[in-house]
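**Q** Here it is, the structure, as structure tokens.
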Amino acid sequence: MEPRTLLTEFSYIVASVLFILGLRGLSHPESARRGMHLAEIGMLLAIIGTLINREIVSYEWILVGLVIGCAIGLPMGLMVPMTAMPQRTALSHAFGALAASLVGISEYYLHGAGLGPIKMPALSFEVLLGSLTTTGSLVACAKLQGILPGAPLTYKGQNIFNLSLLAITVLCFILLLVFPGHAELFYLMLFLSFVFGVLLVLPIGAADMPVVIALLNAYAGLASAATGMVIGNNVLIIAGMLDGGSGFILSIVMCKAMNRSITNVLFGAFGSVSETASASDGEMQATNIEDVAVLLAYARQAVFVPGYGMATAQAQHVLRQLADALEERGVTVKYAIHPVAGRMPGHMNVLLAEANVPYSQLQELEVINPEFPATDVAVVIGANDVVNPDARDNPKSIIAGMPILEVDRAKKVVVLKRGQGKGFSGLVNPLFFKPNCDMLYGDAKESLTNLVQAVHTA
Amino acid sequence: MAPEVLLATFYVLILAAFLGYQIISRVPSLLHTPLMSATNAISGISLVGSLVTAGAHQTMVSTILGLCAVICSTTNVVSGFILTDRMLKMFKRRVAPPPKEEK
């Protein structure tokens with residue numbers, strides 16, 4: 001082995017170790033940043049190690065690519081607002097998967113049948129997964145950005161059509177292993193994978209996006225790992241598996257938090273069903289700013305439950321001001337975070353951290369639920385399904401068994417809501433009809449701003 | 001690819017999967033969004049594959065495909081690391097002048 005190759009391989013080993021250390025740092029917010037700096041150094045080393053590789057003969061195109069990539073990546077990294085994180089994450093999955101797919105296509109174009117019986121399956125896998133993740137993520141991104149309607153797009157026979165399309169794609173994949181020389185099979189598979197990616201995500205509603213994003217993350221990672229196998233590069237395999245593993249773990253966490261299986265998310269077209277919720281008698285009681293302000297100001301403990309509505313209203317900063325005002329008066333303030341609140345894993349945590357809420361106040365479901373009976377006021381801000389008691393009480397509900405934040409056990413619940421309409425999933429929420437629940441209608445940000453004022457004078 | 005090489009590759013694959021599972025399951029749900037953007041940035045390491053494809057100068061087609069791949073991966077690496085850092089910076093134990101704490 002010549003020294004240059006040795007150096008390249010060495011840089012990859014160091015990079016792998018640094019990536020692992022970097023991700024390990026993420027187990028605690030205090031060590032997370034330092035960990036990420038290690039990962040950055042690892043990345044830099046791996047890139048330098050690659051550039052001295054003797055397979056590279058010309059640098060001009062590499063330079064062009066790096067410059068354009070930085071030109072897109074820098075503004076994207078610096079300017080994307082925190083509320084747009086779900087879209088940007090979906091977009092980056094698309095980029096990552098596309099890169100894997102392109103390298104695969106290029107390898108097939110160059111070597112074709114010459115790849116041999118071991119590399120061929122890895123390559124086909126890489127291209128299949130990479131392509132469907134690319135288009136799937138783009139559709140997810142468009143849905144989250146509001147370019148496409150967030151509601152599930154369904155038509156009759158959709159599942160059968162999609163599954164047959166997938167079957168044909170897989171058939172191409174298998175045939176390709178038997179007849180690796182038939183380029184038309186390869187390009188047909190490529191095309192079908194792109195189409196399948198679109199069709200896979202179209203019927204999935206925006207509320208199910210946390211699972212879908214996590215799943216696409218897993219696919220993108222696996223595609224990268226497969227690329228590593230094709231080009232015989234271990235650091236790619238390791239990083240790809242870390243990425244893929246993280247995606248899978250997150251999808252499982254998200255699915256558990258909704259008590260649904262991955263198949264159900266992918267093919268269930270949740271949110272299009274108008275089922276019969278438990279009969280909710282009684283009426284929703286509207287309340288006003290002054291009453292809520294008094295309730296909050298004289299509470300011992302108040303718990304805020306943020307949901308996607310808080311993100312759309314950009315109300316996290318005002319919420320923090322309200323919490324400040326309450327804390328000044330001696331009220332204990334906590335935030336209850338449901339794992340699937342928002343549009344991606346951890347979405348609410350990032351938004352509240354942006355508003356300077358210390359992370360010790362952000363409580364997970366298991367921690368906060370036992371505290372609700374001792375809570376004077378629970379304030380639900382733009383969340384709906386994650387506080388729907390039907391999940392716990394009504395075994396017939398389609399969300400039955402989903403772990404919820406048990407706000408209905410608090411002494412008083414105030415729900416901030418735009419109007420009387422149903423939530424995204426189209427479910428009736430019996431919480432709103434309970435005697436201890438009041439509705440505060442209006443834009444969340446506006447209501448919270450008024451509440452801050454009212455609490456100061458209360 | 002020789003069978004021994006394949007075997008070694010599989011070793012790496014399986015161990016990385018196992019290690020990934022161990023490390024990632026320790027990440028608190030508080031940090032799941034930064035985790036996603038961090039793993040995204042890290043898997044931008046596919047850049048090294050793209051670099052070889054773009055720079056090996058074999059045919060025009062493979063160079064162009066490689067160039068596009070380099071652009072995609074670089075974008076992910078750069079924006080991924082910057083965003084992760086931006087997010088992690090925001091997670092604070094307490095705010096500078098600590099608000100009244102009671103318990």
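Every chain in the structure tokens has a letter given in the order shown (A, B, ...), and although residue numbers restart at 1 in each chain, ligands are simply numbered from 1 in the order shown.
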Identify, on the basis of only C-alpha atoms, every residue whose closest approach to Arg392 of chain A does not exceed 6 Å; exclude the query and any residue fewer than 2 positions from it along the same chain; express the result as a list in words.
**A**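 Listing them by chain and then by number gives Pro389, Asp390 and Gly401 of chain A.
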**Q** Output N, CA and C atoms for every residue in that selection, as a PDB file, in the first residue's frame.
**A**
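Saved the output as selection_8.pdb:
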ATOM      1  N   PRO A 389     -58.507  13.008  25.337  1.00  0.00           N
ATOM      2  CA  PRO A 389     -58.687  11.919  26.312  1.00  0.00           C
ATOM      3  C   PRO A 389     -59.315  10.671  25.706  1.00  0.00           C
ATOM      4  N   ASP A 390     -59.888  10.797  24.505  1.00  0.00           N
ATOM      5  CA  ASP A 390     -60.457   9.634  23.824  1.00  0.00           C
ATOM      6  C   ASP A 390     -59.411   8.525  23.645  1.00  0.00           C
ATOM      7  N   GLY A 401     -55.280   4.209  22.622  1.00  0.00           N
ATOM      8  CA  GLY A 401     -53.998   3.640  23.028  1.00  0.00           C
ATOM      9  C   GLY A 401     -52.826   4.568  22.835  1.00  0.00           C
TER      10      GLY A 401
END
**Q** Residues of segment 75-322 of chain A classed as strand (DSSP E or B) by DSSP on the backbone are to be reported as a PyMOL selection string.
**A** chain A and resi 285-286+301-306
**Q** Show me which bits of chain B are within 7 Å of chain A, counting only C-alpha atoms, as an mmCIF file with C-alpha atoms, in the first residue's frame.
**A**
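Saved the output as iface_32.cif:
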data_model
loop_
_atom_site.group_PDB
_atom_site.id
_atom_site.type_symbol
_atom_site.label_atom_id
_atom_site.label_comp_id
_atom_site.auth_asym_id
_atom_site.auth_seq_id
_atom_site.Cartn_x
_atom_site.Cartn_y
_atom_site.Cartn_z
ATOM 1 C CA LEU B 13 -21.691 -2.684 8.628
ATOM 2 C CA ALA B 16 -21.701 0.265 12.963
ATOM 3 C CA ALA B 17 -25.410 -0.563 13.118
ATOM 4 C CA GLY B 20 -25.382 3.433 16.192
ATOM 5 C CA TYR B 21 -28.254 1.843 18.065
ATOM 6 C CA ILE B 23 -25.393 5.717 20.941
ATOM 7 C CA ILE B 24 -28.577 7.048 19.439
ATOM 8 C CA ARG B 26 -29.099 7.542 24.621
ATOM 9 C CA VAL B 27 -30.012 10.826 22.970
ATOM 10 C CA PRO B 28 -32.845 12.458 24.948
ATOM 11 C CA SER B 29 -35.979 13.406 23.038
ATOM 12 C CA LEU B 30 -35.119 16.989 23.960
ATOM 13 C CA LEU B 31 -32.366 16.856 21.338
ATOM 14 C CA HIS B 32 -34.095 14.856 18.611
ATOM 15 C CA THR B 33 -34.259 17.693 16.125
ATOM 16 C CA SER B 37 -29.717 17.533 11.545
ATOM 17 C CA THR B 39 -26.735 12.753 11.497
ATOM 18 C CA ASN B 40 -27.753 14.424 8.286
ATOM 19 C CA ILE B 42 -22.497 13.455 9.119
ATOM 20 C CA SER B 43 -24.011 11.301 6.415
ATOM 21 C CA GLY B 44 -22.979 14.099 4.084
ATOM 22 C CA ILE B 45 -19.723 12.140 4.253
ATOM 23 C CA SER B 46 -21.048 10.588 1.041
ATOM 24 C CA VAL B 48 -16.037 11.548 -0.256
ATOM 25 C CA SER B 50 -18.952 12.053 -4.795
ATOM 26 C CA LEU B 51 -15.506 13.683 -4.843
ATOM 27 C CA VAL B 52 -13.945 10.570 -6.347
ATOM 28 C CA THR B 53 -16.725 10.294 -8.918
ATOM 29 C CA ALA B 54 -16.362 13.936 -9.909
ATOM 30 C CA GLY B 55 -12.572 13.968 -9.935
ATOM 31 C CA ALA B 56 -11.711 10.590 -11.450
ATOM 32 C CA HIS B 57 -12.407 12.090 -14.873
ATOM 33 C CA SER B 62 -19.889 10.365 -14.684
ATOM 34 C CA LEU B 65 -23.250 13.077 -12.096
ATOM 35 C CA GLY B 66 -20.361 13.392 -9.656
ATOM 36 C CA LEU B 67 -20.506 17.171 -9.785
ATOM 37 C CA ALA B 69 -23.514 14.707 -6.095
ATOM 38 C CA VAL B 70 -20.725 16.944 -4.760
ATOM 39 C CA ILE B 71 -23.103 19.921 -4.754
ATOM 40 C CA CYS B 72 -25.807 17.976 -2.906
ATOM 41 C CA SER B 73 -23.470 16.551 -0.270
ATOM 42 C CA THR B 74 -21.586 19.801 0.294
ATOM 43 C CA THR B 75 -24.883 21.616 0.819
ATOM 44 C CA ASN B 76 -25.872 19.038 3.425
ATOM 45 C CA VAL B 78 -22.319 22.881 5.397
ATOM 46 C CA SER B 79 -25.939 23.673 6.236
ATOM 47 C CA GLY B 80 -26.254 20.626 8.494
ATOM 48 C CA ILE B 82 -24.213 25.217 10.892
ATOM 49 C CA LEU B 83 -27.843 24.532 11.754
ATOM 50 C CA ASP B 85 -24.683 24.359 16.055
ATOM 51 C CA MET B 87 -29.783 24.864 17.555
ATOM 52 C CA LEU B 88 -27.471 23.501 20.219
ATOM 53 C CA MET B 90 -29.981 27.722 22.157
ATOM 54 C CA PHE B 91 -30.288 24.909 24.670
ATOM 55 C CA LYS B 92 -29.414 26.499 27.989
ATOM 56 C CA ARG B 93 -29.722 25.206 31.479
ATOM 57 C CA ARG B 94 -30.688 28.596 32.860
ATOM 58 C CA VAL B 95 -30.945 32.003 31.352
ATOM 59 C CA LYS B 100 -36.934 33.339 40.542
ATOM 60 C CA GLU B 102 -39.094 27.936 43.643
#
**Q** Atom CA of Ala391 of chain A and atom CA of Val413 of chain A, how far apart in Å?
**A**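 Straight-line distance from atom CA of Val413 of chain A to atom CA of Ala391 of chain A works out to 17.6 Å.
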